[in-house]
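**Student:** Let me give you the structure first, and then I'll get to my questions.
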Amino acid sequence: MLAQDRWIIDGNYGSTLPERIKRADTVVWLDYPTVQCLWRVFRRWWQYRGTNRPDMTEGCNENLNWEFLHFVATFRLGWHKRNRRTLESFGGTVLRFRDPAETAHWLSSL
């Protein structure tokens, strides 16, 4: 995928960040607060508990467990520690959005 002229990769995939940064011109970083992310996990779970979300494969019912909550609760700090230097040395554009309203504003401007 990285060999193509144009591409978008969605997700955190930390192990391949250095490879992607070498070929990227822009990074869109959704750096939302942990509390907000946890709230969204609970809201999504409550809305779809025991059923399939529309964006999920059939048979993957929405559920909630401590392992996933721990992952969400610790993800942001760990991501910052692992990737700060890589982003600081990136020569392209970093668009860092700290809340969904910022992101929505930017998207509406495209």
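Letters A, B, ... go to the chains of the structure tokens in the order shown; residues in each chain start at 1; ligands are counted from 1 in the same order.
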Name the residues in contact with Trp45 in chain A at a cut-off of 8 Å, using only C-alpha atoms, excluding same-chain residues fewer than 2 positions from it; report them as an MDAnalysis selection string.

**Tutor:** chainID A and resid 41:43 47:49 62:64

**Student:** Would you output that residue set with N, CA and C atoms, as a short mmCIF file (atom, residue, chain, number, x, y, z; two decimals), in the first residue's frame?

**Tutor:**
data_model
loop_
_atom_site.label_atom_id
_atom_site.label_comp_id
_atom_site.auth_asym_id
_atom_site.auth_seq_id
_atom_site.Cartn_x
_atom_site.Cartn_y
_atom_site.Cartn_z
N VAL A 41 -16.91 4.26 24.73
CA VAL A 41 -16.95 2.80 24.83
C VAL A 41 -18.21 2.37 25.57
N PHE A 42 -18.47 3.00 26.72
CA PHE A 42 -19.66 2.65 27.50
C PHE A 42 -20.94 2.97 26.75
N ARG A 43 -21.00 4.10 26.09
CA ARG A 43 -22.19 4.49 25.34
C ARG A 43 -22.46 3.50 24.20
N GLN A 47 -25.68 0.97 23.89
CA GLN A 47 -26.56 1.05 22.72
C GLN A 47 -26.66 -0.28 21.98
N TYR A 48 -25.56 -1.01 21.89
CA TYR A 48 -25.54 -2.23 21.07
C TYR A 48 -25.33 -3.51 21.86
N ARG A 49 -25.40 -3.47 23.20
CA ARG A 49 -25.09 -4.64 24.03
C ARG A 49 -25.85 -5.88 23.55
N GLU A 62 -21.58 -6.89 20.41
CA GLU A 62 -20.95 -5.89 21.27
C GLU A 62 -20.85 -6.44 22.68
N ASN A 63 -19.68 -6.34 23.27
CA ASN A 63 -19.51 -6.75 24.66
C ASN A 63 -18.49 -5.83 25.31
N LEU A 64 -18.34 -5.98 26.58
CA LEU A 64 -17.44 -5.12 27.35
C LEU A 64 -16.70 -6.00 28.35
#

**Student:** Would you mind reading off the distance between CA of Thr26 in chain A and CA of Ala73 in chain A, one decimal, in Å?

**Tutor:**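 Computed distance, CA of Thr26 in chain A to CA of Ala73 in chain A, equals 26.8 Å.
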
**Student:** Which residues are near Trp7 in chain A? Cut-off 12 Å, only C-alpha atoms, ignore same chain within fewer than 2 positions. Put them as a list in words.

**Tutor:** Met1, Leu2, Ala3, Gln4, Asp5, Ile9, Asp10, Arg20, Arg23, Ala24, Asp25, Thr26 and Val27 of chain A

**Student:** If DSSP is run on the backbone, what residues of chain A are helix (DSSP H, G or I)? A reply as number ranges by chain would be ideal.

**Tutor:** A: 14-23, 34-48, 66-88, 100-109

**Student:** Between A:Glu19, A:Glu67, A:Glu58, A:Glu102, which is the closest to Asp31 in chain A once you count only C-alpha atoms?

**Tutor:**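 Result for the nearest residue to Asp31 in chain A: A:Glu102.
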
**Student:** In Å, with one decimal, what is the gap from CA of Trp39 in chain A to CA of Asp55 in chain A?

**Tutor:**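 Here the two named atoms are 19.0 Å from each other.
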
**Student:** Please compute the CA of Lys81 in chain A-CA of Ile8 in chain A distance, one decimal, in Å.

**Tutor:**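 Pair CA of Lys81 in chain A / CA of Ile8 in chain A returns 23.7 Å.
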
**Student:** For Pro33 in chain A, which residue out of A:Asn65, A:Thr93, A:Asn83, A:Thr74 is the nearest one, using only C-alpha atoms?

**Tutor:**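 Of A:Asn65, A:Thr93, A:Asn83, A:Thr74, the one nearest Pro33 in chain A, counting only C-alpha atoms, is A:Thr74.
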
**Student:** Mind checking which residues fall within 12 Å of Arg98 in chain A, counting only C-alpha atoms, ignoring those fewer than 5 positions away in the same chain, and posting them as a PyMOL selection string?

**Tutor:** chain A and resi 28-34+36-37+76+103-104+106

**Student:** May I have all residues of range 29-90 of chain A that DSSP, computed from the backbone, assigns to strand (DSSP E or B), given as a VMD selection string?

**Tutor:** chain A and resid 29 to 30 49 62
